[in-house]
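Okay, structure first, notes after.
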Amino acid sequence: MIEQIDKDLLALAKQSDEDLKDIYAHIDEVCLHTSDRILSAFIENNVSYSDFADINGYGNYDEGRNKLEKIFATVLGTEDSLVRPQIMSGTNALYLTFSALLKPGDTMISLTGKPYDSLQEMIGLTGDSTQSLKACGVKYEQIDLVNNEFDEDRIVERLRKNDVKLVEIQRSRGYSSRASLMLAKIEHVIQKIREVNKDVIIMVDNCYGELVEEREPGHVGADVVVGSLMKNLGGGVAATGGYVAGRKDLINMVADRLTAPGVGKELGANFNQNNAFFKGIFMAPNAVRGALKTQVFAAYMLEKLGYKNVSPKWNEPRTDIIQTVELGTKENLVRFTQGIQETSPVDSYVKVLPAPMPGYPFDEVMACGAFTQGSTIELSADAPVVEPYTLYMQGGLSLEYGKISILTALSKLKEDRLNALDSLVGSVPDTMTLEQAKDERAENL
């Protein structure tokens with residue numbers, strides 16, 4: 001496959017190894033730190049082979065599940081956690097948490113503006129579901145970011161009224177143009193909130209951000225932290241599942257919502273997933289390292305090739321495993337996504353085309369040739385098919401596989417562009433060479 005990659009792109013990729021070595025070294029340091037925290041949690045909780053046993057039926061007396069949830073709590077900097085295969089996605093984990101902690105008449109505020117697309121129907125901003133938060137009597141407000149900063153004055157002023165039950169912070173950008181939020185910013189706004197309101201529940205949507213920095217939102221004061229095991233903390237091993245971590249009293253409320261009051265955390269068959277969940281979080285630091293290096297490499301290549309609005313830039317700090325780039329046209333968007341799919345280990349023969357997707361308001365393109373359906377710790381690329389045709393890439397279990405996929409996708413774009421130039425040049429004026437005419441056309445494309 002490497003022999004099919006454009007030679008100029010291969011040369012640029014080789015140069016990237018030198019230019020990115022300090023960034024890669026920093027990623028390695030964070031990986032070592034988070035690996036130490038996870039290994040220490042395994043040893044502290046006396047994980048045994050017997051903890052991987054399949055506990056079916058009601059799921060009573062699952063010691064492995066109990067140890068796993070203690071490990072997640074330690075890793076995420078919280079008192080307790082709920083880690084279950086019954087939680088099927090990050091969106092499911094968020095809805096479960098919201099519906100457990102918010103009652104009719106309660107008010108929640110998003111402190112990061114309009115939430116991710118798939119959350120909008122859940123809240124009741126779109127659609128007509130009878131089970132949305134708004135349909136169930138929960139009041140929703142939002143305070144937009146200002147130049148990618150929390151609007152602290154508005155937040156403080158609003159929370160002084162002491163009538164807000166929960167505030168939610170979306171760490172990652174979702175399908176928006178804003179940057180994802182570094183933990184230092186989240187820590188600062190949490191401190192500001194606590195100065196004026198001791199009781200409001202501070203919840204962080206941690207999807208895509210776990211183990212990217214040395215600390216987690218639980219370490220900086222978040223009451224509840226929510227995420228999916230098909231992203232970072234599943235390590236590319238977990239085949240399903242999600243987590244909710246936080247204060248013990250709040251986790252008990254979420255557990256009651258998942259099972260039943262009086263049952264709480266005590267029940268829940270593990271569907272023979274304990275081994276995968278333990279192995280997943282054990283391998284997660286390495287998986288996140290691979291994803292980060294892959295996306296740093298992608299940003300480097302895209303910037304050097306002149307693509308617009310590459311975010312984060314290759315040398316900017318990161319707090320999640322997402323990379324975006326503006327591709328300018330529907331054709332470029334589809335072709336790049338097809339290139340990622342064609343170099344995936346699974347379903348490489350599938351032709352990516354725009355199509356409707358449940359929970360999203362626009363047609364989507366999605367490349368995800370993953371071992372776990374929908375896994376975004378494995379290399380994937382998706383986008384709403386709307387201007388300015390911004391692609392969202394995430395994941396990548398190893399830099400080597402990521403390089404091959406990204407270089408192949410870029411080669412396809414370059415090939416398409418050259419073919420387009422050939423067809424556009426047509427007749428060349430006598431005063432121009434063929435190459436000069438192509439250069440002129442390229443500037444106009």
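Going by the structure tokens order, chains are called A, B, ..., each with residues numbered from 1, while ligands are numbered from 1 in the order shown.
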Would you write out, as CSV, a table of all residues in segment 265-336 of chain A that have an atom no more than 9 Å from an atom of segment 179-193 of chain A, listing for each the closest atom pair and the distance in Å to one decimal, considering only C-alpha atoms and ordering rows by chain and rising residue number?
residue,atom,partner,partner_atom,distance
A:Ser311,CA,A:Ala179,CA,7.4
A:Pro312,CA,A:Ala179,CA,7.3
A:Pro317,CA,A:Met182,CA,8.3
A:Arg318,CA,A:Met182,CA,7.2
A:Thr319,CA,A:Met182,CA,5.4
A:Asp320,CA,A:Ser180,CA,7.2
A:Ile322,CA,A:Ser180,CA,8.7
DSSP helix (DSSP H, G or I) residues within segment 50-145 of chain A, listed as a ChimeraX atom specification: /A:50-52,63-76,90-101,117-123
Can you tell me, as a PyMOL selection string, what residues are no more than 12 Å from Val288 of chain A when counting only C-alpha atoms, ignoring any on the same chain fewer than 6 positions away? chain A and resi 27-28+30-32+34-35+208-214+231-236+280-282+294-295+318-322+376-379+394-399
Hey, can you spit out that residue selection with N, CA and C atoms as a tab-separated table (two decimals), in the first residue's frame?
chain	number	residue	atom	x	y	z
A	27	ILE	N	3.98	13.54	24.51
A	27	ILE	CA	2.87	12.57	24.53
A	27	ILE	C	3.31	11.30	25.26
A	28	ASP	N	4.55	10.87	25.02
A	28	ASP	CA	5.08	9.69	25.70
A	28	ASP	C	5.15	9.91	27.21
A	30	VAL	N	3.22	11.87	29.09
A	30	VAL	CA	1.87	11.80	29.64
A	30	VAL	C	1.40	10.34	29.70
A	31	CYS	N	1.73	9.58	28.67
A	31	CYS	CA	1.37	8.16	28.64
A	31	CYS	C	1.99	7.41	29.81
A	32	LEU	N	3.23	7.71	30.11
A	32	LEU	CA	3.91	7.07	31.25
A	32	LEU	C	3.22	7.43	32.56
A	34	THR	N	0.02	8.46	33.08
A	34	THR	CA	-1.30	7.86	33.21
A	34	THR	C	-1.21	6.34	33.35
A	35	SER	N	-0.22	5.73	32.71
A	35	SER	CA	-0.01	4.29	32.87
A	35	SER	C	0.33	3.94	34.31
A	208	TYR	N	-13.80	11.78	24.48
A	208	TYR	CA	-12.61	12.04	23.65
A	208	TYR	C	-11.44	12.62	24.43
A	209	GLY	N	-11.63	12.96	25.72
A	209	GLY	CA	-10.57	13.67	26.43
A	209	GLY	C	-9.79	12.85	27.44
A	210	GLU	N	-10.26	11.65	27.78
A	210	GLU	CA	-9.62	10.88	28.85
A	210	GLU	C	-8.16	10.55	28.52
A	211	LEU	N	-7.29	10.77	29.49
A	211	LEU	CA	-5.87	10.42	29.46
A	211	LEU	C	-5.04	11.25	28.48
A	212	VAL	N	-5.64	12.29	27.91
A	212	VAL	CA	-4.88	13.15	27.00
A	212	VAL	C	-3.98	14.08	27.80
A	213	GLU	N	-4.49	14.58	28.92
A	213	GLU	CA	-3.67	15.35	29.85
A	213	GLU	C	-3.40	14.49	31.08
A	214	GLU	N	-2.51	14.95	31.94
A	214	GLU	CA	-2.14	14.13	33.10
A	214	GLU	C	-3.27	14.04	34.12
A	231	LYS	N	-14.52	4.96	23.21
A	231	LYS	CA	-13.54	6.02	22.97
A	231	LYS	C	-12.30	5.69	23.81
A	232	ASN	N	-11.72	6.68	24.46
A	232	ASN	CA	-10.39	6.53	25.03
A	232	ASN	C	-10.24	5.41	26.06
A	233	LEU	N	-11.13	5.37	27.05
A	233	LEU	CA	-10.91	4.46	28.18
A	233	LEU	C	-11.21	3.00	27.85
A	234	GLY	N	-11.78	2.73	26.67
A	234	GLY	CA	-11.93	1.35	26.23
A	234	GLY	C	-10.67	0.80	25.60
A	235	GLY	N	-9.72	1.68	25.31
A	235	GLY	CA	-8.41	1.25	24.82
A	235	GLY	C	-8.42	0.53	23.49
A	236	GLY	N	-9.53	0.62	22.73
A	236	GLY	CA	-9.62	-0.14	21.50
A	236	GLY	C	-9.92	-1.61	21.73
A	280	GLY	N	-9.08	-3.14	28.51
A	280	GLY	CA	-9.26	-1.88	27.80
A	280	GLY	C	-8.67	-0.70	28.54
A	281	ILE	N	-9.01	-0.56	29.81
A	281	ILE	CA	-8.47	0.59	30.56
A	281	ILE	C	-6.97	0.42	30.79
A	282	PHE	N	-6.50	-0.84	30.89
A	282	PHE	CA	-5.07	-1.07	31.04
A	282	PHE	C	-4.31	-0.61	29.79
A	294	THR	N	-1.17	10.23	15.89
A	294	THR	CA	-1.80	10.18	14.58
A	294	THR	C	-2.39	11.52	14.20
A	295	GLN	N	-3.09	12.15	15.14
A	295	GLN	CA	-3.75	13.42	14.82
A	295	GLN	C	-2.74	14.57	14.73
A	318	ARG	N	-3.04	19.93	23.19
A	318	ARG	CA	-4.26	19.17	22.93
A	318	ARG	C	-4.89	18.68	24.23
A	319	THR	N	-6.22	18.58	24.20
A	319	THR	CA	-6.95	18.06	25.35
A	319	THR	C	-7.91	16.95	24.93
A	320	ASP	N	-7.91	16.59	23.64
A	320	ASP	CA	-8.72	15.46	23.18
A	320	ASP	C	-8.07	14.88	21.93
A	321	ILE	N	-8.71	13.84	21.37
A	321	ILE	CA	-8.11	13.12	20.25
A	321	ILE	C	-8.73	13.52	18.92
A	322	ILE	N	-9.32	14.72	18.85
A	322	ILE	CA	-10.02	15.16	17.65
A	322	ILE	C	-9.17	16.14	16.85
A	376	THR	N	-14.43	5.21	18.17
A	376	THR	CA	-13.71	6.41	17.73
A	376	THR	C	-12.35	6.55	18.41
A	377	ILE	N	-11.90	5.53	19.12
A	377	ILE	CA	-10.49	5.49	19.52
A	377	ILE	C	-9.69	4.85	18.38
A	378	GLU	N	-10.36	4.06	17.56
A	378	GLU	CA	-9.77	3.60	16.31
A	378	GLU	C	-9.92	4.74	15.29
A	379	LEU	N	-9.04	4.77	14.31
A	379	LEU	CA	-9.04	5.89	13.38
A	379	LEU	C	-10.37	5.98	12.64
A	394	GLN	N	-10.68	11.45	14.35
A	394	GLN	CA	-10.35	11.11	15.73
A	394	GLN	C	-9.73	9.71	15.77
A	395	GLY	N	-9.00	9.48	16.85
A	395	GLY	CA	-8.48	8.15	17.09
A	395	GLY	C	-7.26	7.79	16.27
A	396	GLY	N	-6.98	6.49	16.28
A	396	GLY	CA	-5.80	5.94	15.63
A	396	GLY	C	-5.02	5.13	16.64
A	397	LEU	N	-5.13	3.80	16.60
A	397	LEU	CA	-4.52	2.97	17.64
A	397	LEU	C	-3.01	2.95	17.57
A	398	SER	N	-2.45	3.26	16.40
A	398	SER	CA	-0.99	3.36	16.30
A	398	SER	C	-0.64	4.41	15.26
A	399	LEU	N	0.49	5.06	15.45
A	399	LEU	CA	0.93	6.08	14.51
A	399	LEU	C	1.20	5.48	13.14
With the cut-off set at 10 Å and counting only C-alpha atoms, tabulate each residue of segment 56-122 of chain A with an atom at most that distance from an atom of segment 250-268 of chain A, showing the nearest atom pair and its distance in Å to one decimal, ordered by chain and increasing number, as a Markdown table.
| residue | atom | partner | partner_atom | distance |
| --- | --- | --- | --- | --- |
| A:Asn56 | CA | A:Gly268 | CA | 8.0 |
| A:Gly57 | CA | A:Gly268 | CA | 7.8 |
| A:Tyr58 | CA | A:Leu267 | CA | 5.6 |
| A:Gly59 | CA | A:Gly268 | CA | 4.6 |
| A:Asn60 | CA | A:Leu267 | CA | 5.4 |
| A:Tyr61 | CA | A:Glu266 | CA | 7.4 |
| A:Asp62 | CA | A:Glu266 | CA | 8.3 |
| A:Arg65 | CA | A:Gly268 | CA | 9.2 |
| A:Asn66 | CA | A:Lys265 | CA | 8.9 |
| A:Glu79 | CA | A:Ile251 | CA | 9.0 |
| A:Asp80 | CA | A:Ile251 | CA | 6.7 |
| A:Ser81 | CA | A:Ile251 | CA | 6.3 |
| A:Leu82 | CA | A:Ile251 | CA | 6.8 |
| A:Val83 | CA | A:Lys265 | CA | 9.7 |
| A:Arg84 | CA | A:Gly268 | CA | 7.8 |
| A:Pro85 | CA | A:Gly268 | CA | 8.8 |
| A:Gln86 | CA | A:Gly268 | CA | 7.9 |
| A:Ile87 | CA | A:Leu258 | CA | 8.6 |
| A:Ala93 | CA | A:Val254 | CA | 9.5 |
| A:Leu96 | CA | A:Val254 | CA | 6.8 |
| A:Thr97 | CA | A:Val254 | CA | 5.7 |
| A:Phe98 | CA | A:Val254 | CA | 8.7 |
| A:Ser99 | CA | A:Arg257 | CA | 7.8 |
| A:Ala100 | CA | A:Val254 | CA | 5.2 |
| A:Leu101 | CA | A:Met253 | CA | 7.0 |
Based on DSSP run over this structure's backbone, return all residues of segment 213-392 of chain A in strand (DSSP E or B), as number ranges by chain. A: 224-228, 242-246, 308-311, 322-326, 355, 364-367, 380-384, 390-392
List as a PyMOL selection string the protein and nucleic acid residues near Val167 of chain A, meaning an atom at most 7 Å away when only C-alpha atoms are counted, but skip any in the same chain fewer than 3 places from it. chain A and resi 108-111+201-203
Leaving out Glu316 of chain A and any residue of its chain fewer than 5 positions from it, which residues lie within 10 Å of it when counting only C-alpha atoms, given as a compact mmCIF listing (two decimals) with C-alpha atoms, in the first residue's frame?
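This went into around.txt:
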# COMPACT_ATOMS: atom_id res chain seq x y z
CA ILE A 23 5.75 16.77 20.66
CA VAL A 296 -0.61 15.53 15.36
CA ALA A 299 -2.35 18.29 11.37
CA SER A 311 -7.43 22.77 14.30
For a quick check of understanding, using only C-alpha atoms, which of A:Glu149, A:Asp205, A:Asp36, A:Glu364 has the smallest distance to Thr91 of chain A? A:Asp205
Kindly give the distance, in Å, that separates atom CA of Leu302 of chain A and atom CA of Lys351 of chain A, rounded to a single decimal.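 Answer for the atom CA of Leu302 of chain A to atom CA of Lys351 of chain A separation: 23.2 Å.
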